[in-house]
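For reference, model_32.pdb (PDB, C-alpha atoms and all ligand atoms):
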ATOM      1  CA  MET A 891       4.672  11.090 -10.116  1.00  0.00           C
ATOM      2  CA  PHE A 892       2.632   8.579  -8.174  1.00  0.00           C
ATOM      3  CA  ILE A 893       4.569   6.334  -5.747  1.00  0.00           C
ATOM      4  CA  VAL A 894       2.885   3.594  -3.709  1.00  0.00           C
ATOM      5  CA  LEU A 895       4.182   1.529  -0.800  1.00  0.00           C
ATOM      6  CA  GLU A 896       2.745  -1.968  -0.565  1.00  0.00           C
ATOM      7  CA  GLY A 897       3.432  -5.065   1.505  1.00  0.00           C
ATOM      8  CA  PRO A 898       2.018  -7.147   4.320  1.00  0.00           C
ATOM      9  CA  ASP A 899       0.916  -5.919   7.742  1.00  0.00           C
ATOM     10  CA  GLY A 900       3.768  -4.541   9.790  1.00  0.00           C
ATOM     11  CA  SER A 901       6.263  -4.496   6.930  1.00  0.00           C
ATOM     12  CA  GLY A 902       6.933  -0.809   7.623  1.00  0.00           C
ATOM     13  CA  LYS A 903       4.870   0.952   4.933  1.00  0.00           C
ATOM     14  CA  SER A 904       3.625   3.783   7.127  1.00  0.00           C
ATOM     15  CA  THR A 905       7.033   4.317   8.733  1.00  0.00           C
ATOM     16  CA  GLN A 906       8.785   4.310   5.375  1.00  0.00           C
ATOM     17  CA  ALA A 907       6.168   6.487   3.656  1.00  0.00           C
ATOM     18  CA  ARG A 908       6.922   9.216   6.188  1.00  0.00           C
ATOM     19  CA  LEU A 909      10.697   8.889   5.708  1.00  0.00           C
ATOM     20  CA  LEU A 910      10.383   8.848   1.917  1.00  0.00           C
ATOM     21  CA  VAL A 911       8.293  12.010   2.029  1.00  0.00           C
ATOM     22  CA  GLU A 912      10.973  13.714   4.161  1.00  0.00           C
ATOM     23  CA  HIS A 913      13.583  12.654   1.633  1.00  0.00           C
ATOM     24  CA  LEU A 914      11.622  13.946  -1.365  1.00  0.00           C
ATOM     25  CA  VAL A 915      10.817  17.244   0.380  1.00  0.00           C
ATOM     26  CA  SER A 916      14.519  17.673   1.180  1.00  0.00           C
ATOM     27  CA  ARG A 917      15.133  17.343  -2.570  1.00  0.00           C
ATOM     28  CA  GLY A 918      12.793  20.283  -3.130  1.00  0.00           C
ATOM     29  CA  ARG A 919       9.800  18.349  -4.378  1.00  0.00           C
ATOM     30  CA  GLN A 920       6.188  19.183  -3.661  1.00  0.00           C
ATOM     31  CA  VAL A 921       4.815  16.038  -2.006  1.00  0.00           C
ATOM     32  CA  VAL A 922       1.374  14.877  -0.979  1.00  0.00           C
ATOM     33  CA  GLN A 923       1.394  12.014   1.534  1.00  0.00           C
ATOM     34  CA  THR A 924      -1.730   9.910   1.826  1.00  0.00           C
ATOM     35  CA  ARG A 925      -2.963   6.412   2.681  1.00  0.00           C
ATOM     36  CA  GLU A 926      -5.541   3.747   1.901  1.00  0.00           C
ATOM     37  CA  PRO A 927      -8.151   2.937   2.810  1.00  0.00           C
ATOM     38  CA  GLY A 928      -8.766   6.579   3.630  1.00  0.00           C
ATOM     39  CA  GLY A 929      -7.287   9.881   2.585  1.00  0.00           C
ATOM     40  CA  THR A 930     -10.600  11.809   2.541  1.00  0.00           C
ATOM     41  CA  PRO A 931     -13.248  12.152   5.278  1.00  0.00           C
ATOM     42  CA  ALA A 932     -15.690   9.787   3.515  1.00  0.00           C
ATOM     43  CA  ALA A 933     -12.958   7.272   2.721  1.00  0.00           C
ATOM     44  CA  GLU A 934     -11.668   7.402   6.323  1.00  0.00           C
ATOM     45  CA  ALA A 935     -15.236   6.609   7.468  1.00  0.00           C
ATOM     46  CA  ILE A 936     -15.224   3.555   5.185  1.00  0.00           C
ATOM     47  CA  ARG A 937     -11.801   2.629   6.619  1.00  0.00           C
ATOM     48  CA  SER A 938     -13.083   2.611  10.176  1.00  0.00           C
ATOM     49  CA  LEU A 939     -16.014   0.427   9.099  1.00  0.00           C
ATOM     50  CA  VAL A 940     -13.933  -2.105   7.191  1.00  0.00           C
ATOM     51  CA  LEU A 941     -11.200  -2.455   9.847  1.00  0.00           C
ATOM     52  CA  ASN A 942     -13.635  -2.639  12.777  1.00  0.00           C
ATOM     53  CA  PRO A 943     -13.448  -6.037  14.604  1.00  0.00           C
ATOM     54  CA  GLN A 944     -17.158  -5.567  15.397  1.00  0.00           C
ATOM     55  CA  PHE A 945     -17.833  -6.503  11.761  1.00  0.00           C
ATOM     56  CA  ALA A 946     -15.969  -9.830  11.804  1.00  0.00           C
ATOM     57  CA  GLY A 947     -17.606 -11.975   9.141  1.00  0.00           C
ATOM     58  CA  LEU A 948     -18.242  -9.083   6.752  1.00  0.00           C
ATOM     59  CA  ASP A 949     -19.044 -10.662   3.381  1.00  0.00           C
ATOM     60  CA  ASP A 950     -15.939 -10.862   1.155  1.00  0.00           C
ATOM     61  CA  ARG A 951     -17.597  -9.033  -1.741  1.00  0.00           C
ATOM     62  CA  THR A 952     -18.914  -6.338   0.575  1.00  0.00           C
ATOM     63  CA  GLU A 953     -15.366  -5.866   1.836  1.00  0.00           C
ATOM     64  CA  ALA A 954     -13.969  -5.637  -1.698  1.00  0.00           C
ATOM     65  CA  LEU A 955     -16.616  -3.099  -2.731  1.00  0.00           C
ATOM     66  CA  LEU A 956     -16.018  -0.964   0.340  1.00  0.00           C
ATOM     67  CA  PHE A 957     -12.282  -0.800  -0.389  1.00  0.00           C
ATOM     68  CA  ALA A 958     -13.048   0.070  -4.001  1.00  0.00           C
ATOM     69  CA  ALA A 959     -15.512   2.773  -2.958  1.00  0.00           C
ATOM     70  CA  ALA A 960     -12.977   4.333  -0.599  1.00  0.00           C
ATOM     71  CA  ARG A 961     -10.376   4.244  -3.375  1.00  0.00           C
ATOM     72  CA  ALA A 962     -12.677   5.887  -5.911  1.00  0.00           C
ATOM     73  CA  GLU A 963     -13.277   8.771  -3.535  1.00  0.00           C
ATOM     74  CA  HIS A 964      -9.598   9.071  -2.673  1.00  0.00           C
ATOM     75  CA  VAL A 965      -8.428   9.160  -6.291  1.00  0.00           C
ATOM     76  CA  ALA A 966     -11.099  11.621  -7.379  1.00  0.00           C
ATOM     77  CA  GLN A 967     -10.704  14.032  -4.462  1.00  0.00           C
ATOM     78  CA  VAL A 968      -7.021  13.822  -3.566  1.00  0.00           C
ATOM     79  CA  ILE A 969      -4.662  11.827  -5.750  1.00  0.00           C
ATOM     80  CA  ARG A 970      -5.640  12.926  -9.246  1.00  0.00           C
ATOM     81  CA  PRO A 971      -5.868  16.628  -8.349  1.00  0.00           C
ATOM     82  CA  ALA A 972      -2.447  16.471  -6.630  1.00  0.00           C
ATOM     83  CA  LEU A 973      -0.842  14.798  -9.645  1.00  0.00           C
ATOM     84  CA  GLN A 974      -2.407  17.375 -11.943  1.00  0.00           C
ATOM     85  CA  GLN A 975      -0.779  20.099  -9.855  1.00  0.00           C
ATOM     86  CA  GLY A 976       2.592  18.457 -10.367  1.00  0.00           C
ATOM     87  CA  ALA A 977       3.022  17.025  -6.869  1.00  0.00           C
ATOM     88  CA  VAL A 978       4.659  13.724  -6.098  1.00  0.00           C
ATOM     89  CA  VAL A 979       2.006  11.597  -4.389  1.00  0.00           C
ATOM     90  CA  VAL A 980       3.261   9.033  -1.853  1.00  0.00           C
ATOM     91  CA  CYS A 981       0.469   6.640  -0.940  1.00  0.00           C
ATOM     92  CA  ASP A 982       0.505   3.973   1.789  1.00  0.00           C
ATOM     93  CA  ARG A 983      -1.277   1.003   0.069  1.00  0.00           C
ATOM     94  CA  TYR A 984      -3.316   1.070  -3.154  1.00  0.00           C
ATOM     95  CA  ILE A 985      -4.825  -1.351  -5.717  1.00  0.00           C
ATOM     96  CA  ASP A 986      -2.301  -4.117  -5.056  1.00  0.00           C
ATOM     97  CA  SER A 987      -3.449  -4.369  -1.446  1.00  0.00           C
ATOM     98  CA  SER A 988      -6.948  -5.172  -2.744  1.00  0.00           C
ATOM     99  CA  ILE A 989      -5.511  -7.689  -5.205  1.00  0.00           C
ATOM    100  CA  ALA A 990      -3.414  -9.350  -2.499  1.00  0.00           C
ATOM    101  CA  TYR A 991      -5.950  -9.353   0.361  1.00  0.00           C
ATOM    102  CA  GLN A 992      -9.284  -9.658  -1.447  1.00  0.00           C
ATOM    103  CA  GLY A 993      -8.195 -11.198  -4.753  1.00  0.00           C
ATOM    104  CA  VAL A 994      -5.730 -13.760  -3.397  1.00  0.00           C
ATOM    105  CA  GLY A 995      -6.280 -13.803   0.397  1.00  0.00           C
ATOM    106  CA  ARG A 996     -10.084 -14.051   0.046  1.00  0.00           C
ATOM    107  CA  SER A 997      -9.850 -15.922  -3.279  1.00  0.00           C
ATOM    108  CA  LEU A 998     -12.110 -13.429  -5.096  1.00  0.00           C
ATOM    109  CA  GLY A 999      -9.756 -13.543  -8.089  1.00  0.00           C
ATOM    110  CA  VAL A1000      -6.877 -11.313  -9.108  1.00  0.00           C
ATOM    111  CA  GLU A1001      -8.420 -10.209 -12.404  1.00  0.00           C
ATOM    112  CA  ARG A1002     -11.848  -9.456 -10.927  1.00  0.00           C
ATOM    113  CA  ILE A1003     -10.367  -7.284  -8.208  1.00  0.00           C
ATOM    114  CA  ARG A1004      -7.981  -5.567 -10.605  1.00  0.00           C
ATOM    115  CA  GLU A1005     -10.917  -4.737 -12.901  1.00  0.00           C
ATOM    116  CA  LEU A1006     -13.022  -3.460 -10.005  1.00  0.00           C
ATOM    117  CA  SER A1007     -10.170  -1.288  -8.757  1.00  0.00           C
ATOM    118  CA  LEU A1008      -9.352   0.117 -12.176  1.00  0.00           C
ATOM    119  CA  TRP A1009     -12.994   0.993 -12.697  1.00  0.00           C
ATOM    120  CA  ALA A1010     -12.981   2.744  -9.309  1.00  0.00           C
ATOM    121  CA  THR A1011      -9.865   4.766 -10.126  1.00  0.00           C
ATOM    122  CA  ALA A1012     -10.684   5.417 -13.801  1.00  0.00           C
ATOM    123  CA  ASP A1013      -7.496   3.490 -14.613  1.00  0.00           C
ATOM    124  CA  LEU A1014      -5.067   5.449 -12.482  1.00  0.00           C
ATOM    125  CA  LEU A1015      -1.995   3.295 -11.781  1.00  0.00           C
ATOM    126  CA  PRO A1016       1.153   4.203  -9.820  1.00  0.00           C
ATOM    127  CA  ASP A1017       4.338   5.097 -11.680  1.00  0.00           C
ATOM    128  CA  LEU A1018       6.340   3.184  -9.096  1.00  0.00           C
ATOM    129  CA  THR A1019       5.285   0.634  -6.488  1.00  0.00           C
ATOM    130  CA  LEU A1020       7.658  -0.323  -3.668  1.00  0.00           C
ATOM    131  CA  VAL A1021       6.813  -3.743  -2.276  1.00  0.00           C
ATOM    132  CA  LEU A1022       8.152  -4.061   1.259  1.00  0.00           C
ATOM    133  CA  ASP A1023       8.779  -7.755   1.640  1.00  0.00           C
ATOM    134  CA  LEU A1024       8.832  -9.256   5.102  1.00  0.00           C
ATOM    135  CA  ASP A1025       8.034 -12.596   6.650  1.00  0.00           C
ATOM    136  CA  ALA A1026       4.414 -12.441   7.844  1.00  0.00           C
ATOM    137  CA  ALA A1027       5.304 -13.628  11.344  1.00  0.00           C
ATOM    138  CA  GLU A1028       7.985 -10.926  11.629  1.00  0.00           C
ATOM    139  CA  GLY A1029       5.507  -8.286  10.499  1.00  0.00           C
ATOM    140  CA  MET A1030       2.897  -9.505  12.943  1.00  0.00           C
ATOM    141  CA  SER A1031       5.409  -9.453  15.793  1.00  0.00           C
ATOM    142  CA  ARG A1032       6.117  -5.787  14.968  1.00  0.00           C
ATOM    143  CA  VAL A1033       2.489  -4.707  15.086  1.00  0.00           C
ATOM    144  CA  GLY A1034       0.661  -7.155  17.344  1.00  0.00           C
ATOM    145  CA  GLU A1035      -2.890  -8.033  16.365  1.00  0.00           C
ATOM    146  CA  ARG A1036      -4.546  -4.668  16.004  1.00  0.00           C
ATOM    147  CA  ASP A1037      -7.528  -4.942  13.753  1.00  0.00           C
ATOM    148  CA  ARG A1038     -10.013  -7.242  12.074  1.00  0.00           C
ATOM    149  CA  LEU A1039      -7.860  -8.174   9.075  1.00  0.00           C
ATOM    150  CA  GLU A1040      -4.811  -8.928  11.195  1.00  0.00           C
ATOM    151  CA  LEU A1041      -6.786 -11.620  13.044  1.00  0.00           C
ATOM    152  CA  GLU A1042      -6.695 -13.880   9.952  1.00  0.00           C
ATOM    153  CA  PRO A1043      -4.727 -17.172  10.097  1.00  0.00           C
ATOM    154  CA  GLN A1044      -1.032 -17.400   9.220  1.00  0.00           C
ATOM    155  CA  GLU A1045      -1.784 -19.131   5.904  1.00  0.00           C
ATOM    156  CA  TYR A1046      -3.816 -16.119   4.735  1.00  0.00           C
ATOM    157  CA  HIS A1047      -0.922 -13.773   5.516  1.00  0.00           C
ATOM    158  CA  ASP A1048       1.578 -16.033   3.723  1.00  0.00           C
ATOM    159  CA  ARG A1049      -0.571 -16.019   0.566  1.00  0.00           C
ATOM    160  CA  VAL A1050      -0.870 -12.237   0.793  1.00  0.00           C
ATOM    161  CA  ARG A1051       2.891 -11.815   1.073  1.00  0.00           C
ATOM    162  CA  ARG A1052       3.497 -14.036  -1.974  1.00  0.00           C
ATOM    163  CA  ALA A1053       0.826 -12.164  -3.934  1.00  0.00           C
ATOM    164  CA  PHE A1054       2.652  -8.836  -3.556  1.00  0.00           C
ATOM    165  CA  VAL A1055       5.928 -10.310  -4.734  1.00  0.00           C
ATOM    166  CA  GLU A1056       4.204 -12.028  -7.689  1.00  0.00           C
ATOM    167  CA  LEU A1057       2.703  -8.726  -8.825  1.00  0.00           C
ATOM    168  CA  ALA A1058       6.134  -7.128  -8.680  1.00  0.00           C
ATOM    169  CA  ILE A1059       7.858  -9.920 -10.580  1.00  0.00           C
ATOM    170  CA  HIS A1060       5.434  -9.559 -13.483  1.00  0.00           C
ATOM    171  CA  ASP A1061       6.105  -5.857 -13.998  1.00  0.00           C
ATOM    172  CA  PRO A1062       9.728  -5.071 -13.087  1.00  0.00           C
ATOM    173  CA  GLU A1063       9.650  -1.595 -14.670  1.00  0.00           C
ATOM    174  CA  ARG A1064       6.923  -0.330 -12.347  1.00  0.00           C
ATOM    175  CA  TYR A1065       7.837  -2.284  -9.215  1.00  0.00           C
ATOM    176  CA  ARG A1066      10.759  -2.657  -6.839  1.00  0.00           C
ATOM    177  CA  VAL A1067      10.811  -5.368  -4.190  1.00  0.00           C
ATOM    178  CA  ILE A1068      12.531  -3.972  -1.110  1.00  0.00           C
ATOM    179  CA  SER A1069      13.641  -6.226   1.716  1.00  0.00           C
ATOM    180  CA  ALA A1070      11.886  -4.878   4.792  1.00  0.00           C
ATOM    181  CA  SER A1071      14.040  -6.697   7.324  1.00  0.00           C
ATOM    182  CA  GLY A1072      16.793  -4.876   9.149  1.00  0.00           C
ATOM    183  CA  SER A1073      16.576  -1.514  10.885  1.00  0.00           C
ATOM    184  CA  ILE A1074      14.206   1.276   9.895  1.00  0.00           C
ATOM    185  CA  GLN A1075      17.170   3.303   8.592  1.00  0.00           C
ATOM    186  CA  GLU A1076      18.501   0.383   6.560  1.00  0.00           C
ATOM    187  CA  VAL A1077      15.130  -0.073   4.859  1.00  0.00           C
ATOM    188  CA  ALA A1078      14.807   3.693   4.334  1.00  0.00           C
ATOM    189  CA  GLN A1079      18.191   3.733   2.619  1.00  0.00           C
ATOM    190  CA  ARG A1080      17.105   0.952   0.235  1.00  0.00           C
ATOM    191  CA  ILE A1081      13.953   2.888  -0.600  1.00  0.00           C
ATOM    192  CA  ARG A1082      15.736   6.198  -1.177  1.00  0.00           C
ATOM    193  CA  HIS A1083      18.162   4.429  -3.482  1.00  0.00           C
ATOM    194  CA  ALA A1084      15.359   2.776  -5.472  1.00  0.00           C
ATOM    195  CA  VAL A1085      13.326   5.983  -5.778  1.00  0.00           C
ATOM    196  CA  ASP A1086      16.269   8.212  -6.691  1.00  0.00           C
ATOM    197  CA  GLU A1087      17.323   5.722  -9.335  1.00  0.00           C
ATOM    198  CA  PHE A1088      13.788   5.527 -10.711  1.00  0.00           C
ATOM    199  CA  ILE A1089      13.439   9.319 -10.904  1.00  0.00           C
ATOM    200  CA  ALA A1090      16.869   9.678 -12.529  1.00  0.00           C
ATOM    201  CA  GLY A1091      15.900   7.114 -15.165  1.00  0.00           C
ATOM    202  CA  LYS A1092      12.635   8.802 -16.091  1.00  0.00           C
ATOM    203  CA  PRO A1093      12.555  11.090 -19.085  1.00  0.00           C
ATOM    204  CA  ALA A1094      11.750  14.646 -17.929  1.00  0.00           C
TER     205      ALA A1094
HETATM  206  N1  LIG B   1      12.688  -1.976  10.137  1.00  0.00           N
HETATM  207  C1  LIG B   1      11.995  -2.068  11.276  1.00  0.00           C
HETATM  208  N2  LIG B   1      12.463  -2.758  12.323  1.00  0.00           N
HETATM  209  C2  LIG B   1      11.756  -2.862  13.469  1.00  0.00           C
HETATM  210  N3  LIG B   1      10.562  -2.296  13.682  1.00  0.00           N
HETATM  211  C3  LIG B   1      10.042  -1.602  12.661  1.00  0.00           C
HETATM  212  C4  LIG B   1      10.711  -1.457  11.419  1.00  0.00           C
HETATM  213  N4  LIG B   1       9.951  -0.708  10.590  1.00  0.00           N
HETATM  214  C5  LIG B   1       8.834  -0.415  11.286  1.00  0.00           C
HETATM  215  N5  LIG B   1       8.896  -0.924  12.537  1.00  0.00           N
HETATM  216  C6  LIG B   1       7.894  -0.847  13.594  1.00  0.00           C
HETATM  217  O1  LIG B   1       6.931  -1.840  13.301  1.00  0.00           O
HETATM  218  C7  LIG B   1       5.626  -1.346  13.512  1.00  0.00           C
HETATM  219  C8  LIG B   1       4.874  -1.429  12.190  1.00  0.00           C
HETATM  220  O2  LIG B   1       5.415  -0.487  11.264  1.00  0.00           O
HETATM  221  P1  LIG B   1       4.449   0.293  10.273  1.00  0.00           P
HETATM  222  O3  LIG B   1       3.242   0.759  11.001  1.00  0.00           O
HETATM  223  O4  LIG B   1       5.251   1.287   9.545  1.00  0.00           O
HETATM  224  O5  LIG B   1       4.045  -0.919   9.292  1.00  0.00           O
HETATM  225  P2  LIG B   1       2.881  -0.957   8.216  1.00  0.00           P
HETATM  226  O6  LIG B   1       3.409  -1.754   7.083  1.00  0.00           O
HETATM  227  O7  LIG B   1       2.412   0.407   7.944  1.00  0.00           O
HETATM  228  O8  LIG B   1       1.790  -1.791   9.009  1.00  0.00           O
HETATM  229  P3  LIG B   1       0.226  -1.916   8.650  1.00  0.00           P
HETATM  230  O9  LIG B   1       0.137  -2.774   7.439  1.00  0.00           O
HETATM  231  O10 LIG B   1      -0.335  -2.625   9.846  1.00  0.00           O
HETATM  232  O11 LIG B   1      -0.280  -0.519   8.462  1.00  0.00           O
HETATM  233  C9  LIG B   1       5.766   0.057  14.039  1.00  0.00           C
HETATM  234  O12 LIG B   1       5.720   0.006  15.446  1.00  0.00           O
HETATM  235  C10 LIG B   1       7.151   0.482  13.575  1.00  0.00           C
HETATM  236  O13 LIG B   1       7.758   1.416  14.426  1.00  0.00           O
HETATM  237 MG    MG B   2       0.520   1.211   8.104  1.00  0.00          MG
END

Output the file's structure in the form of structure tokens.
Ligand SMILES: Nc1ncnc2c1ncn2[C@@H]1O[C@H](COP(=O)(O)OP(=O)(O)OP(=O)(O)O)[C@@H](O)[C@H]1O
Ligand SMILES: [Mg+2]
Amino acid sequence: MFIVLEGPDGSGKSTQARLLVEHLVSRGRQVVQTREPGGTPAAEAIRSLVLNPQFAGLDDRTEALLFAAARAEHVAQVIRPALQQGAVVVCDRYIDSSIAYQGVGRSLGVERIRELSLWATADLLPDLTLVLDLDAAEGMSRVGERDRLELEPQEYHDRVRRAFVELAIHDPERYRVISASGSIQEVAQRIRHAVDEFIAGKPA
């Protein structure tokens, strides 16, 4: 089973990925925790390039291709092998981040970016995507401005937030929108509930 956490900057994806992994391990599952962009040495190198403020003004298509390249490597080397071994894979960001940030945020087009990403992953999609929904300003106040992408204007972040929720609304079987406001433990409880319910509802 392939579970992805998505949502805007500072919505709590990394925090909640860790807590979800603890929960699944406590239920006796074999879990692989990973993140995008990154998850392999080559993909982490692409991550440090693409998030580096030194490259402000990186061409939008270059950015989209770099994310896709990192994802291709990550799926081929880590995610697909782990799924084949029967592990639950919990991944911090995936294709929908590219759709939201590059497709909608950078206006490169949702369908173009979806196609590019699916080519990169040889059509691997998550079984379940948890969209952590949080006001962009609240997210930004949690993280501060840390990297190149977080320096974008408020309007960009608002469009990104709406894009995640739109993706979820169009595919309710594969998505759950989780309110990311409240305490870390409150959000974790919502996620555990959603994941346990999803697993219980899946045919063995
Ligand atoms: N529910 C919460 N309430 C308050 N602070 C939180 C909450 N969840 C996470 N945080 C804090 O907010 C910061 C951002 O959380 P986290 O790194 O998990 O978000 P993220 O979605 O992974 O961010 P990014 O998109 O930048 O990777 C961290 O300092 C974390 O401890
Ligand atoms: Mg994070």

Quiz prompt | Selection result for the PyMOL selection byres (((chain A and resi 988) around 9) and not hetatm) on this file, as a PyMOL selection string | solution = chain A and resi 954+957-958+983-987+989-994+1000+1003-1004+1007

Self-check item: Within 6 Å of ligand LIG 1 (chain B), counting all atoms listed in the file, residues as a ChimeraX atom specification
Solution: /A:898-905,1032-1033,1071-1074

Quiz item: What is the CA of Glu1087 (chain A)-CA of Phe1054 (chain A) distance in Å, reported with one decimal?
Solution: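 That distance, rounded to one decimal, is 21.5 Å.
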
Quiz item: When distances are computed from only C-alpha atoms and all ligand atoms, which of A:Ala972, A:Leu941, A:Ala907, A:Ala1070 shows the smallest separation from ligand MG 2 (chain B)?
Solution: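 So, comparing all the options, the nearest one is A:Ala907.
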
Practice problem: Quote the spacing between CA of Gly976 (chain A) and CA of Ala933 (chain A) in Å to one decimal place. | Solution: 23.2 Å

Quiz prompt | Ground truth for the PyMOL selection byres (((chain A and resi 1052) around 12) and not hetatm), written as a PyMOL selection string | solution = chain A and resi 897-898+986-987+989-991+994-995+1021-1026+1045-1051+1053-1059+1067

Quiz prompt | Who sits within 12 Å of Leu910 (chain A), all atoms listed in the file, same chain under 2 positions skipped, as a PyMOL selection string | solution = chain A and resi 893-895+902-908+912-917+919+921-923+978-982+1020+1074-1075+1077-1086

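Each of A:Ala1012, A:Ile1068, A:Gly1029, A:Gly918 was checked against ligand MG 2 (chain B) using all atoms listed in the file; the smallest atom-to-atom distance is that of A:Gly1029.
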
Quiz prompt | Residue nearest His964 (chain A) among A:Glu934, A:Asp1017, A:Asp949, A:Glu1005 (counting only C-alpha atoms) | solution =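 Result for the nearest residue to His964 (chain A): A:Glu934.
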
Quiz item: For the atom pair CA of Pro927 (chain A) and CA of Gln967 (chain A), what is the interatomic distance in Å to one decimal place?
Solution: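 It comes out at 13.5 Å.
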
Quiz item: Where does the PyMOL selection byres (((chain A and resi 940) around 12) and not hetatm) land in this file, that is, which residues does it pick, as a ChimeraX atom specification?
Solution: /A:926-928,933-939,941-960,1037-1039

Could you add whatever atoms are missing so that region 983-1001 of chain A carries N, CA and C atoms, then write the result as a short mmCIF file (atom, residue, chain, number, x, y, z; two decimals), in the frame of the given file?
data_model
loop_
_atom_site.label_atom_id
_atom_site.label_comp_id
_atom_site.auth_asym_id
_atom_site.auth_seq_id
_atom_site.Cartn_x
_atom_site.Cartn_y
_atom_site.Cartn_z
N ARG A 983 -0.34 2.00 0.62
CA ARG A 983 -1.28 1.00 0.07
C ARG A 983 -2.11 1.59 -1.08
N TYR A 984 -2.47 0.68 -2.02
CA TYR A 984 -3.32 1.07 -3.15
C TYR A 984 -3.92 -0.20 -3.76
N ILE A 985 -4.11 -0.25 -5.06
CA ILE A 985 -4.82 -1.35 -5.72
C ILE A 985 -4.23 -2.72 -5.37
N ASP A 986 -2.91 -2.80 -5.29
CA ASP A 986 -2.30 -4.12 -5.06
C ASP A 986 -2.67 -4.69 -3.69
N SER A 987 -2.97 -3.84 -2.72
CA SER A 987 -3.45 -4.37 -1.45
C SER A 987 -4.79 -5.07 -1.64
N SER A 988 -5.67 -4.50 -2.46
CA SER A 988 -6.95 -5.17 -2.74
C SER A 988 -6.72 -6.47 -3.49
N ILE A 989 -5.80 -6.45 -4.46
CA ILE A 989 -5.51 -7.69 -5.20
C ILE A 989 -4.97 -8.75 -4.26
N ALA A 990 -4.04 -8.37 -3.38
CA ALA A 990 -3.41 -9.35 -2.50
C ALA A 990 -4.38 -9.85 -1.42
N TYR A 991 -5.10 -8.93 -0.77
CA TYR A 991 -5.95 -9.35 0.36
C TYR A 991 -7.30 -9.90 -0.11
N GLN A 992 -7.97 -9.19 -1.03
CA GLN A 992 -9.28 -9.66 -1.45
C GLN A 992 -9.18 -10.66 -2.61
N GLY A 993 -8.31 -10.34 -3.57
CA GLY A 993 -8.20 -11.20 -4.75
C GLY A 993 -7.59 -12.55 -4.41
N VAL A 994 -6.45 -12.53 -3.72
CA VAL A 994 -5.73 -13.76 -3.40
C VAL A 994 -6.11 -14.25 -1.99
N GLY A 995 -5.99 -13.39 -0.99
CA GLY A 995 -6.28 -13.80 0.40
C GLY A 995 -7.70 -14.35 0.53
N ARG A 996 -8.68 -13.63 -0.03
CA ARG A 996 -10.08 -14.05 0.05
C ARG A 996 -10.52 -14.86 -1.17
N SER A 997 -9.57 -15.12 -2.08
CA SER A 997 -9.85 -15.92 -3.28
C SER A 997 -10.97 -15.35 -4.15
N LEU A 998 -11.10 -14.02 -4.21
CA LEU A 998 -12.11 -13.43 -5.10
C LEU A 998 -11.60 -13.32 -6.53
N GLY A 999 -10.31 -13.54 -6.73
CA GLY A 999 -9.76 -13.54 -8.09
C GLY A 999 -8.99 -12.27 -8.39
N VAL A 1000 -7.76 -12.45 -8.83
CA VAL A 1000 -6.88 -11.31 -9.11
C VAL A 1000 -7.47 -10.42 -10.20
N GLU A 1001 -7.94 -11.03 -11.28
CA GLU A 1001 -8.42 -10.21 -12.40
C GLU A 1001 -9.69 -9.46 -12.05
#
